[in-house]
>>> print(open('final35.pdb').read())   # PDB, C-alpha atoms
MODEL        1
ATOM      1  CA  MET A  14     -88.952 127.417-158.090
ATOM      2  CA  TRP A  15     -85.190 127.406-157.775
ATOM      3  CA  SER A  16     -83.732 126.422-154.404
ATOM      4  CA  PRO A  17     -80.112 126.355-153.142
ATOM      5  CA  PRO A  18     -78.152 123.103-153.464
ATOM      6  CA  SER A  19     -78.257 122.406-149.746
ATOM      7  CA  ARG A  20     -82.018 122.574-149.810
ATOM      8  CA  ARG A  21     -82.188 120.317-152.832
ATOM      9  CA  GLY A  22     -79.802 117.913-151.101
ATOM     10  CA  GLY A  23     -82.160 117.822-148.144
ATOM     11  CA  GLU A  24     -85.094 116.954-150.371
ATOM     12  CA  TRP A  25     -83.083 114.319-152.119
ATOM     13  CA  ALA A  26     -82.066 112.777-148.800
ATOM     14  CA  ALA A  27     -85.668 112.776-147.589
ATOM     15  CA  THR A  28     -86.846 111.077-150.746
ATOM     16  CA  TRP A  29     -83.975 108.738-151.564
ATOM     17  CA  GLY A  30     -81.948 108.574-148.347
ATOM     18  CA  ARG A  31     -83.384 105.357-147.022
ATOM     19  CA  PRO A  32     -83.326 103.357-150.319
ATOM     20  CA  TYR A  33     -79.844 104.731-150.983
ATOM     21  CA  CYS A  34     -78.649 103.472-147.599
ATOM     22  CA  VAL A  35     -80.237 100.092-148.232
ATOM     23  CA  LEU A  36     -78.633  99.861-151.669
ATOM     24  CA  LEU A  37     -75.314 101.003-150.210
ATOM     25  CA  CYS A  38     -75.510  98.273-147.566
ATOM     26  CA  VAL A  39     -76.374  95.652-150.207
ATOM     27  CA  PHE A  40     -73.519  96.858-152.401
ATOM     28  CA  ALA A  41     -71.115  96.864-149.437
ATOM     29  CA  SER A  42     -72.139  93.368-148.436
ATOM     30  CA  LEU A  43     -71.708  92.169-151.997
ATOM     31  CA  ARG A  44     -68.492  94.106-152.462
ATOM     32  CA  PHE A  45     -66.737  93.269-149.222
ATOM     33  CA  LYS A  46     -68.066  89.851-148.249
ATOM     34  CA  PRO A  47     -66.365  88.178-151.229
ATOM     35  CA  PHE A  48     -63.199  89.944-150.112
ATOM     36  CA  VAL A  49     -63.292  87.820-146.981
ATOM     37  CA  MET A  50     -63.870  84.713-149.083
ATOM     38  CA  THR A  51     -61.306  85.546-151.741
ATOM     39  CA  ASP A  52     -58.501  85.265-149.209
ATOM     40  CA  ALA A  53     -59.304  81.576-148.861
ATOM     41  CA  ILE A  54     -60.001  81.204-152.582
ATOM     42  CA  GLN A  55     -56.822  83.050-153.526
ATOM     43  CA  ALA A  56     -54.811  80.845-151.187
ATOM     44  CA  PHE A  57     -56.433  77.774-152.737
ATOM     45  CA  LEU A  58     -55.759  79.003-156.283
ATOM     46  CA  ALA A  59     -52.165  79.904-155.431
ATOM     47  CA  MET A  60     -51.449  76.269-154.431
ATOM     48  CA  GLY A  61     -48.639  77.317-152.123
ATOM     49  CA  GLY A  62     -46.852  79.088-154.967
ATOM     50  CA  TYR A  63     -47.050  76.085-157.323
ATOM     51  CA  ALA A  64     -50.217  77.143-159.204
ATOM     52  CA  ARG A  65     -48.457  77.239-162.584
ATOM     53  CA  PHE A  66     -47.607  73.540-162.223
ATOM     54  CA  VAL A  67     -50.676  72.121-160.444
ATOM     55  CA  TRP A  68     -53.488  73.750-162.461
ATOM     56  CA  PRO A  69     -52.058  72.979-165.923
ATOM     57  CA  ALA A  70     -51.852  69.308-164.882
ATOM     58  CA  TYR A  71     -55.584  69.307-163.988
ATOM     59  CA  ALA A  72     -56.450  71.340-167.107
ATOM     60  CA  LEU A  73     -54.574  68.849-169.315
ATOM     61  CA  ALA A  74     -56.426  65.962-167.653
ATOM     62  CA  ALA A  75     -59.762  67.674-168.367
ATOM     63  CA  ILE A  76     -58.793  68.379-171.988
ATOM     64  CA  VAL A  77     -57.613  64.787-172.625
ATOM     65  CA  LEU A  78     -60.631  63.131-170.964
ATOM     66  CA  VAL A  79     -63.280  65.444-172.445
ATOM     67  CA  GLY A  80     -61.537  65.351-175.835
ATOM     68  CA  LEU A  81     -61.530  61.538-175.884
ATOM     69  CA  LEU A  82     -65.199  61.429-174.865
ATOM     70  CA  ILE A  83     -66.318  63.983-177.468
ATOM     71  CA  ALA A  84     -64.252  62.389-180.269
ATOM     72  CA  SER A  85     -65.692  58.943-179.438
ATOM     73  CA  LEU A  86     -69.279  60.221-179.305
ATOM     74  CA  ARG A  87     -68.823  62.018-182.636
ATOM     75  CA  GLN A  88     -67.352  58.846-184.193
ATOM     76  CA  LEU A  89     -70.404  56.884-183.015
ATOM     77  CA  ARG A  90     -72.911  59.516-184.195
ATOM     78  CA  ARG A  91     -71.214  59.719-187.620
ATOM     79  CA  ALA A  92     -71.319  55.920-188.065
ATOM     80  CA  GLU A  93     -75.010  55.870-187.033
ATOM     81  CA  ALA A  94     -75.813  58.686-189.482
ATOM     82  CA  GLU A  95     -74.005  56.926-192.352
ATOM     83  CA  LEU A  96     -75.859  53.673-191.600
ATOM     84  CA  ALA A  97     -79.157  55.550-191.495
ATOM     85  CA  ALA A  98     -78.321  57.182-194.852
ATOM     86  CA  LEU A  99     -77.977  53.681-196.340
ATOM     87  CA  GLY A 100     -81.300  52.693-194.780
ATOM     88  CA  LEU A 101     -79.746  50.168-192.390
ATOM     89  CA  PRO A 102     -80.845  49.800-188.733
ATOM     90  CA  LYS A 103     -78.425  50.677-185.915
ATOM     91  CA  ARG A 104     -78.614  47.173-184.455
ATOM     92  CA  GLU A 105     -77.950  43.810-186.015
ATOM     93  CA  ARG A 106     -80.233  40.863-185.434
ATOM     94  CA  ALA A 107     -78.851  38.514-182.759
TER
ATOM     95  CA  MET B   4     -65.500  34.858-173.938
ATOM     96  CA  HIS B   5     -66.903  33.487-177.170
ATOM     97  CA  ARG B   6     -70.410  34.040-175.753
ATOM     98  CA  PHE B   7     -69.790  37.763-176.354
ATOM     99  CA  ALA B   8     -68.508  37.271-179.907
ATOM    100  CA  ASN B   9     -71.925  38.031-181.390
ATOM    101  CA  PRO B  10     -71.928  41.801-182.177
ATOM    102  CA  ALA B  11     -75.669  42.137-181.544
ATOM    103  CA  ARG B  12     -75.326  40.526-178.101
ATOM    104  CA  PHE B  13     -72.335  42.735-177.361
ATOM    105  CA  GLN B  14     -74.300  45.861-178.329
ATOM    106  CA  ARG B  15     -77.192  44.838-176.078
ATOM    107  CA  ILE B  16     -74.854  44.311-173.110
ATOM    108  CA  ALA B  17     -72.919  47.524-173.870
ATOM    109  CA  ASN B  18     -76.134  49.575-174.020
ATOM    110  CA  ALA B  19     -77.251  48.109-170.684
ATOM    111  CA  VAL B  20     -74.011  48.780-168.778
ATOM    112  CA  LEU B  21     -73.008  52.117-170.360
ATOM    113  CA  PRO B  22     -75.276  54.388-168.241
ATOM    114  CA  TRP B  23     -74.111  52.684-165.025
ATOM    115  CA  PHE B  24     -70.435  53.090-165.872
ATOM    116  CA  ALA B  25     -71.017  56.705-166.979
ATOM    117  CA  ALA B  26     -72.749  57.507-163.667
ATOM    118  CA  ALA B  27     -70.009  55.724-161.694
ATOM    119  CA  THR B  28     -67.358  57.727-163.592
ATOM    120  CA  ALA B  29     -69.047  61.052-162.802
ATOM    121  CA  ILE B  30     -69.455  60.206-159.103
ATOM    122  CA  LEU B  31     -65.948  58.749-158.661
ATOM    123  CA  LEU B  32     -64.196  61.616-160.452
ATOM    124  CA  ALA B  33     -66.242  64.243-158.557
ATOM    125  CA  LEU B  34     -65.387  62.584-155.219
ATOM    126  CA  GLY B  35     -61.782  62.069-156.305
ATOM    127  CA  LEU B  36     -61.377  65.738-157.280
ATOM    128  CA  TYR B  37     -62.982  66.872-154.017
ATOM    129  CA  PHE B  38     -60.583  64.837-151.896
ATOM    130  CA  ALA B  39     -57.598  65.534-154.175
ATOM    131  CA  LEU B  40     -57.996  69.307-154.204
ATOM    132  CA  LEU B  41     -59.903  70.184-151.035
ATOM    133  CA  ASP B  42     -59.706  67.440-148.441
ATOM    134  CA  SER B  43     -56.201  66.014-148.507
ATOM    135  CA  PRO B  44     -53.109  67.479-146.857
ATOM    136  CA  PRO B  45     -50.096  68.936-148.655
ATOM    137  CA  ASP B  46     -46.998  66.761-148.558
ATOM    138  CA  TYR B  47     -44.480  67.584-145.831
ATOM    139  CA  GLN B  48     -41.670  67.773-148.408
ATOM    140  CA  GLN B  49     -43.358  68.508-151.739
ATOM    141  CA  GLY B  50     -46.055  70.877-150.483
ATOM    142  CA  GLU B  51     -49.045  71.445-152.775
ATOM    143  CA  THR B  52     -47.313  69.930-155.835
ATOM    144  CA  VAL B  53     -48.278  66.531-154.438
ATOM    145  CA  ARG B  54     -51.775  67.190-155.858
ATOM    146  CA  ILE B  55     -50.345  66.516-159.332
ATOM    147  CA  MET B  56     -49.914  62.918-158.109
ATOM    148  CA  TYR B  57     -53.714  62.390-158.192
ATOM    149  CA  ILE B  58     -53.617  62.912-161.976
ATOM    150  CA  HIS B  59     -50.142  61.586-162.805
ATOM    151  CA  VAL B  60     -50.160  58.229-161.007
ATOM    152  CA  PRO B  61     -53.656  57.038-162.121
ATOM    153  CA  ALA B  62     -52.853  58.158-165.698
ATOM    154  CA  ALA B  63     -49.593  56.152-165.630
ATOM    155  CA  TRP B  64     -51.425  53.099-164.230
ATOM    156  CA  MET B  65     -54.012  53.414-167.014
ATOM    157  CA  ALA B  66     -51.264  53.703-169.649
ATOM    158  CA  LEU B  67     -49.839  50.339-168.516
ATOM    159  CA  PHE B  68     -53.226  48.704-167.937
ATOM    160  CA  ILE B  69     -54.597  49.688-171.371
ATOM    161  CA  TYR B  70     -51.446  48.483-173.154
ATOM    162  CA  SER B  71     -51.720  45.138-171.309
ATOM    163  CA  PHE B  72     -55.397  45.004-172.335
ATOM    164  CA  ILE B  73     -54.445  45.653-175.997
ATOM    165  CA  ALA B  74     -51.744  42.947-175.852
ATOM    166  CA  ALA B  75     -54.221  40.428-174.368
ATOM    167  CA  ALA B  76     -56.866  41.359-176.978
ATOM    168  CA  SER B  77     -54.253  41.053-179.752
ATOM    169  CA  ALA B  78     -53.274  37.577-178.495
ATOM    170  CA  ALA B  79     -56.954  36.552-178.437
ATOM    171  CA  ALA B  80     -57.366  37.901-181.979
ATOM    172  CA  LEU B  81     -54.286  36.107-183.339
ATOM    173  CA  ILE B  82     -54.768  32.794-181.510
ATOM    174  CA  TRP B  83     -58.560  32.337-181.235
ATOM    175  CA  ARG B  84     -59.718  34.779-183.928
ATOM    176  CA  HIS B  85     -62.206  36.265-181.479
ATOM    177  CA  PRO B  86     -64.223  38.745-183.577
ATOM    178  CA  LEU B  87     -64.438  41.415-180.869
ATOM    179  CA  ALA B  88     -60.779  41.183-179.793
ATOM    180  CA  ASP B  89     -59.540  43.130-182.829
ATOM    181  CA  VAL B  90     -62.293  45.688-182.379
ATOM    182  CA  SER B  91     -61.473  46.215-178.691
ATOM    183  CA  ALA B  92     -57.721  46.596-179.378
ATOM    184  CA  ARG B  93     -58.433  49.118-182.123
ATOM    185  CA  ALA B  94     -60.847  51.032-179.850
ATOM    186  CA  ALA B  95     -58.517  51.052-176.828
ATOM    187  CA  SER B  96     -55.400  52.363-178.573
ATOM    188  CA  PRO B  97     -56.241  56.119-178.718
ATOM    189  CA  ILE B  98     -57.466  56.038-175.102
ATOM    190  CA  GLY B  99     -54.167  54.501-173.989
ATOM    191  CA  ALA B 100     -52.223  57.086-175.992
ATOM    192  CA  GLY B 101     -54.231  59.846-174.297
ATOM    193  CA  PHE B 102     -53.492  58.530-170.795
ATOM    194  CA  THR B 103     -49.791  58.016-171.626
ATOM    195  CA  PHE B 104     -49.535  61.601-172.900
ATOM    196  CA  LEU B 105     -51.253  62.773-169.700
ATOM    197  CA  ALA B 106     -48.819  60.774-167.526
ATOM    198  CA  LEU B 107     -45.813  62.224-169.392
ATOM    199  CA  ALA B 108     -47.086  65.823-169.371
ATOM    200  CA  SER B 109     -48.233  65.821-165.730
ATOM    201  CA  GLY B 110     -44.972  64.115-164.721
ATOM    202  CA  SER B 111     -43.058  66.869-166.472
ATOM    203  CA  LEU B 112     -45.124  69.504-164.653
ATOM    204  CA  TRP B 113     -44.348  67.738-161.362
ATOM    205  CA  GLY B 114     -40.679  67.237-162.210
ATOM    206  CA  LYS B 115     -39.870  70.887-162.844
ATOM    207  CA  PRO B 116     -40.584  72.188-159.302
ATOM    208  CA  MET B 117     -39.361  69.027-157.513
ATOM    209  CA  TRP B 118     -36.348  67.903-159.595
ATOM    210  CA  GLY B 119     -35.548  71.259-161.199
ATOM    211  CA  THR B 120     -36.018  69.929-164.732
ATOM    212  CA  TRP B 121     -38.901  69.201-167.100
ATOM    213  CA  TRP B 122     -37.294  66.023-168.438
ATOM    214  CA  VAL B 123     -34.414  63.599-167.857
ATOM    215  CA  TRP B 124     -33.457  60.674-170.062
ATOM    216  CA  ASP B 125     -33.626  58.120-167.271
ATOM    217  CA  ALA B 126     -35.062  54.623-167.459
ATOM    218  CA  ARG B 127     -38.602  55.289-166.196
ATOM    219  CA  LEU B 128     -39.268  58.398-168.268
ATOM    220  CA  THR B 129     -37.660  57.029-171.429
ATOM    221  CA  SER B 130     -39.499  53.684-171.233
ATOM    222  CA  VAL B 131     -42.848  55.507-170.821
ATOM    223  CA  LEU B 132     -41.995  57.682-173.830
ATOM    224  CA  ILE B 133     -41.342  54.455-175.791
ATOM    225  CA  LEU B 134     -44.770  53.218-174.634
ATOM    226  CA  PHE B 135     -46.302  56.415-176.068
ATOM    227  CA  PHE B 136     -44.542  55.765-179.405
ATOM    228  CA  LEU B 137     -45.780  52.146-179.328
ATOM    229  CA  TYR B 138     -49.350  53.437-178.989
ATOM    230  CA  LEU B 139     -48.804  55.834-181.908
ATOM    231  CA  GLY B 140     -47.250  53.004-183.967
ATOM    232  CA  HIS B 141     -50.210  50.738-183.167
ATOM    233  CA  MET B 142     -52.675  53.425-184.293
ATOM    234  CA  ALA B 143     -50.655  54.149-187.448
ATOM    235  CA  LEU B 144     -50.348  50.460-188.411
ATOM    236  CA  LEU B 145     -54.102  49.946-188.059
ATOM    237  CA  ARG B 146     -54.622  52.522-190.800
ATOM    238  CA  ALA B 147     -51.518  51.777-192.899
ATOM    239  CA  PHE B 148     -53.073  49.189-195.242
ATOM    240  CA  ASP B 149     -55.942  49.365-197.700
ATOM    241  CA  ASP B 150     -57.053  45.966-196.411
ATOM    242  CA  PRO B 151     -58.107  46.541-192.745
ATOM    243  CA  THR B 152     -57.416  42.857-191.909
ATOM    244  CA  ARG B 153     -53.721  43.214-192.743
ATOM    245  CA  GLY B 154     -53.462  46.391-190.690
ATOM    246  CA  THR B 155     -55.169  44.749-187.727
ATOM    247  CA  ARG B 156     -52.844  41.727-187.891
ATOM    248  CA  SER B 157     -49.686  43.861-188.139
ATOM    249  CA  ALA B 158     -50.843  46.071-185.249
ATOM    250  CA  ALA B 159     -51.579  42.966-183.131
ATOM    251  CA  ILE B 160     -48.034  41.648-183.696
ATOM    252  CA  LEU B 161     -46.579  45.069-182.769
ATOM    253  CA  ALA B 162     -48.721  45.156-179.602
ATOM    254  CA  LEU B 163     -47.489  41.704-178.537
ATOM    255  CA  ALA B 164     -43.829  42.492-179.299
ATOM    256  CA  GLY B 165     -44.098  45.828-177.486
ATOM    257  CA  PHE B 166     -45.540  44.192-174.367
ATOM    258  CA  VAL B 167     -41.962  43.525-173.231
ATOM    259  CA  ASN B 168     -41.842  47.247-172.401
ATOM    260  CA  VAL B 169     -44.525  46.923-169.689
ATOM    261  CA  PRO B 170     -42.428  45.026-167.086
ATOM    262  CA  ILE B 171     -39.443  47.215-168.026
ATOM    263  CA  ILE B 172     -41.499  50.311-167.088
ATOM    264  CA  LYS B 173     -42.738  48.706-163.863
ATOM    265  CA  PHE B 174     -39.305  47.601-162.626
ATOM    266  CA  SER B 175     -37.200  50.387-164.187
ATOM    267  CA  VAL B 176     -37.114  52.272-160.862
ATOM    268  CA  ASP B 177     -35.642  49.172-159.145
ATOM    269  CA  TRP B 178     -33.230  48.067-161.885
ATOM    270  CA  TRP B 179     -31.601  51.411-162.705
ATOM    271  CA  ASN B 180     -30.629  54.579-160.883
ATOM    272  CA  THR B 181     -33.342  57.132-161.513
ATOM    273  CA  LEU B 182     -34.705  60.448-160.275
ATOM    274  CA  HIS B 183     -38.157  58.848-160.229
ATOM    275  CA  GLN B 184     -39.340  57.577-156.852
ATOM    276  CA  PRO B 185     -39.847  53.796-156.384
ATOM    277  CA  ALA B 186     -43.292  52.191-156.080
ATOM    278  CA  SER B 187     -45.199  53.332-152.991
ATOM    279  CA  ILE B 188     -48.594  51.647-153.562
ATOM    280  CA  MET B 189     -48.121  48.327-155.388
ATOM    281  CA  ARG B 190     -45.186  46.952-153.423
ATOM    282  CA  LEU B 191     -44.397  44.149-151.031
ATOM    283  CA  GLY B 192     -45.277  45.173-147.465
ATOM    284  CA  GLY B 193     -48.309  47.277-148.476
ATOM    285  CA  PRO B 194     -48.685  50.925-149.444
ATOM    286  CA  SER B 195     -46.316  53.400-147.775
ATOM    287  CA  ILE B 196     -48.596  56.361-148.507
ATOM    288  CA  ASP B 197     -50.820  57.994-145.875
ATOM    289  CA  PRO B 198     -54.524  56.945-146.057
ATOM    290  CA  SER B 199     -55.581  60.604-146.493
ATOM    291  CA  MET B 200     -53.640  60.631-149.780
ATOM    292  CA  LEU B 201     -54.385  57.025-150.713
ATOM    293  CA  LEU B 202     -58.175  57.630-150.782
ATOM    294  CA  PRO B 203     -58.190  60.347-153.526
ATOM    295  CA  LEU B 204     -55.544  58.408-155.450
ATOM    296  CA  LEU B 205     -57.671  55.256-155.506
ATOM    297  CA  LEU B 206     -60.881  57.205-156.261
ATOM    298  CA  MET B 207     -59.223  58.859-159.266
ATOM    299  CA  ALA B 208     -57.726  55.534-160.405
ATOM    300  CA  VAL B 209     -61.103  53.739-160.273
ATOM    301  CA  GLY B 210     -62.741  56.781-161.928
ATOM    302  CA  PHE B 211     -60.200  56.680-164.760
ATOM    303  CA  THR B 212     -60.858  52.927-165.148
ATOM    304  CA  THR B 213     -64.644  53.358-165.411
ATOM    305  CA  PHE B 214     -64.029  56.263-167.824
ATOM    306  CA  PHE B 215     -61.907  53.897-169.934
ATOM    307  CA  VAL B 216     -64.765  51.359-169.986
ATOM    308  CA  VAL B 217     -67.271  54.036-171.088
ATOM    309  CA  VAL B 218     -65.094  55.376-173.916
ATOM    310  CA  LEU B 219     -64.012  51.855-174.932
ATOM    311  CA  LEU B 220     -67.642  50.703-175.274
ATOM    312  CA  LEU B 221     -68.565  53.840-177.262
ATOM    313  CA  ARG B 222     -65.613  53.332-179.617
ATOM    314  CA  MET B 223     -66.295  49.593-179.981
ATOM    315  CA  LYS B 224     -69.913  50.332-180.902
ATOM    316  CA  ALA B 225     -68.701  52.859-183.489
ATOM    317  CA  GLU B 226     -66.138  50.368-184.886
ATOM    318  CA  LEU B 227     -68.798  47.664-185.223
ATOM    319  CA  LEU B 228     -71.129  50.075-187.032
ATOM    320  CA  ALA B 229     -68.251  51.128-189.329
ATOM    321  CA  ALA B 230     -67.563  47.452-190.138
ATOM    322  CA  ARG B 231     -71.239  46.950-191.002
ATOM    323  CA  LEU B 232     -71.098  50.064-193.140
ATOM    324  CA  ARG B 233     -68.041  48.764-195.029
ATOM    325  CA  ALA B 234     -69.735  45.391-195.580
ATOM    326  CA  ALA B 235     -72.932  47.065-196.824
ATOM    327  CA  GLN B 236     -71.015  49.339-199.196
ATOM    328  CA  LEU B 237     -69.002  46.358-200.487
ATOM    329  CA  ALA B 238     -72.211  44.384-201.028
ATOM    330  CA  ARG B 239     -73.651  47.239-203.090
ATOM    331  CA  LEU B 240     -70.505  47.651-205.184
ATOM    332  CA  HIS B 241     -69.714  43.960-205.704
ATOM    333  CA  PRO B 242     -72.828  41.884-204.966
ATOM    334  CA  ALA B 243     -71.466  38.782-206.712
ATOM    335  CA  VAL B 244     -68.165  38.792-204.764
ATOM    336  CA  VAL B 245     -69.895  39.207-201.403
ATOM    337  CA  ALA B 246     -72.443  36.497-202.200
ATOM    338  CA  ARG B 247     -69.630  34.105-203.159
TER
ENDMDL
END
>>> encode(input="final35.pdb", output="structure tokens")
Amino acid sequence: MWSPPSRRGGEWAATWGRPYCVLLCVFASLRFKPFVMTDAIQAFLAMGGYARFVWPAYALAAIVLVGLLIASLRQLRRAEAELAALGLPKRERA
Amino acid sequence: MHRFANPARFQRIANAVLPWFAAATAILLALGLYFALLDSPPDYQQGETVRIMYIHVPAAWMALFIYSFIAAASAAALIWRHPLADVSARAASPIGAGFTFLALASGSLWGKPMWGTWWVWDARLTSVLILFFLYLGHMALLRAFDDPTRGTRSAAILALAGFVNVPIIKFSVDWWNTLHQPASIMRLGGPSIDPSMLLPLLLMAVGFTTFFVVVLLLRMKAELLAARLRAAQLARLHPAVVAR
């Protein structure tokens, strides 16, 4: 049977009001709590206005160090694979 | 040192110490980054840009240290013909070039906000750029000859001749007028830097050093395997020559 919107709204509130409020509170806590934290995070990321100089320096350091490590590991793995292809062991006899 | 000349013994020792140095690197760099970024004060003049120092200064120290290491290894290779000296110099060269590039690039990123320019042709910056070219020359010479022995010997001579640049870099800030600040850690009278900044600086420096050891050992192992591979391939192609 058809009922006016206000009536339907009342039914909806009776059925879903409480979970909706709970979800709203969870959403608000998730939505606004990080806002409090982002002030500190944003200040940290801004580096006093020098972010475009400080972070590239750290990014370059990460790229150089990780790049050197990966290139060296790949060089070692390739040499081991080529030795294995020739049927030679990885280690020499002492 | 000749006790370690046996490649098999070297590999055994390298395999034993590698995990310890890798763990030390991870811990030292994690602690260093924590203190550098989160638990050290901004400089009263330079503000937050001082945090670039925790990358720039250890990278510059490593650039000098690794070149000195290559020069010493080259001398050992030329004078005593130590079998692992050549291998270690060859393995260290790209790592040194990487740290020198990092010192130059991070210095440029620090120079722009503090000096107002990315680069000046003064003694310290120019001599470090020459060091970078010496590393590139060393790497190029190692691969410039069909006979690896000739390349290794030429690169060793270049490394020894280029070592004159190391004291020039160290004392360039005292000998010539420069925008670069003088030494504040390794100087007579002790460090002039505050302990809260000295701690992350030293943690990063030791972390970079242990990182160098890890990558050096990995590269040396790869170089030794490549040498074995070359010998095995040569033996298959020319069994009579190798036997003779």
>>> resolve_selection(input="final35.pdb", expression="the PyMOL selection byres ((chain A) within 9 of (chain B))", output="VMD selection string")
chain A and resid 57 60 to 71 73 to 74 77 to 78 81 to 82 85 to 86 88 to 93 95 to 96 99 101 103 to 107
>>> atom_distance(input="final35.pdb", atom1="atom CA of Leu107 of chain B", atom2="atom CA of Leu201 of chain B")
21.2 Å
>>> atom_distance(input="final35.pdb", atom1="atom CA of Pro151 of chain B", atom2="atom CA of Leu237 of chain B")
13.4 Å
>>> atom_distance(input="final35.pdb", atom1="atom CA of Ile82 of chain B", atom2="atom CA of Gly165 of chain B")
17.3 Å
>>> resolve_selection(input="final35.pdb", expression="the PyMOL selection byres ((chain B and resi 84) around 12)", output="ChimeraX atom specification")
/B:4-5,8,76-83,85-90,152,155-156,159
>>> residues_near_point(input="final35.pdb", point="(-55.5, 58.7, -155.6)", cutoff="8 Å", atoms="only C-alpha atoms", output="list in words")
Gly35, Ala39, Met56, Tyr57, Ile58, Val60, Pro61, Met200, Leu201, Leu202, Pro203, Leu204, Leu205, Leu206, Met207 and Ala208 of chain B
